[in-house]
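S.K.: Got a structure for you, questions after.
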Amino acid sequence: MQQDGFAYTSSFNGTELGCIVAAKVLDILARKTTLDNRDMLTDVFASGLRRLQARHADFLVEIRQCGVIMGLKTAHPLGGQALMQAMLHHGVWCMMADFDQSVLQFKPNLLMTKACAEDVLKRLDAALTEAASLVKTVAAVH
């Protein structure tokens, strides 16, 4: 590594075990039950996020959704960062978008149950309130 930093390019590149795991993941993703679950989650999150946007219209200004991959755009330039922090506080891991810190990248687990998705939406509701309050407080200080 000290002589040629490019000699090391990947921890998992070409490993037999990695290939076996990747093949199994592709098998699971192609199952009808997984595809049906994806469709159910897409619908649950689409309707739930619309309800949350109506409740938090001053903060959650746009929902970008492609299946279970979502971007939640906030009204504040650092709202995605505040929402990420609030979601972590409520036990849900997600990341703000590096290219636009007003956006939270929201990618729930493809295999989660409907009950779990509804619980995540409840936590998101609380986190939206918390994040909106946080950015208002920060704005007031500056």
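As shown in the structure tokens, the chain order sets the letters A, B, ...; within each chain, residues go from 1, and ligands are also counted from 1 in the order they appear.
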List the spatial neighbours of Leu121 in chain A as a list in words - criterion: any atom at most 12 Å away, only C-alpha atoms, same-chain residues fewer than 4 positions off excluded.
M.R.: Leu41, Val44, Phe45, Ala46, Ser47, Gly48, Leu49, Arg50, Arg51, Leu52, Gln53, Met87, His90, Gly91, Val92, Phe106, Pro108, Lys114, Ala115, Cys116, Ala117, Asp125, Ala126, Ala127 and Leu128 of chain A
S.K.: Set the distance at 12 Å and use only C-alpha atoms: which residues neighbour range 99-103 of chain A once local chain neighbours fewer than 5 positions away are removed? I'd like the list as JSON, numbers by chain.
M.R.: {"A": [59, 60, 61, 62, 63, 64, 70, 71, 72, 73, 74, 75, 76, 77, 78, 79, 80, 81, 82, 83, 84, 94, 131, 132, 135]}
S.K.: Tell me which protein, DNA and RNA residues are within 8 Å of Gly67 in chain A, counting only C-alpha atoms, leaving out same-chain ones fewer than 4 positions away, and put them as a list in words.
M.R.: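 Surrounding residues, per the criterion: Arg38, Asp39, Leu41 and Thr42 of chain A.
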S.K.: As an exercise, work out the distance from CA of Thr15 in chain A to CA of Ile28 in chain A in Å and give it to one decimal place.
M.R.: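 These atoms are spaced 20.0 Å apart.
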S.K.: Name the residues of range 46-137 of chain A that fall into helix (DSSP H, G or I) according to DSSP on the backbone, using the chain letters and numbers of this document, as a VMD selection string.
M.R.: chain A and resid 46 to 55 79 to 89 114 to 137
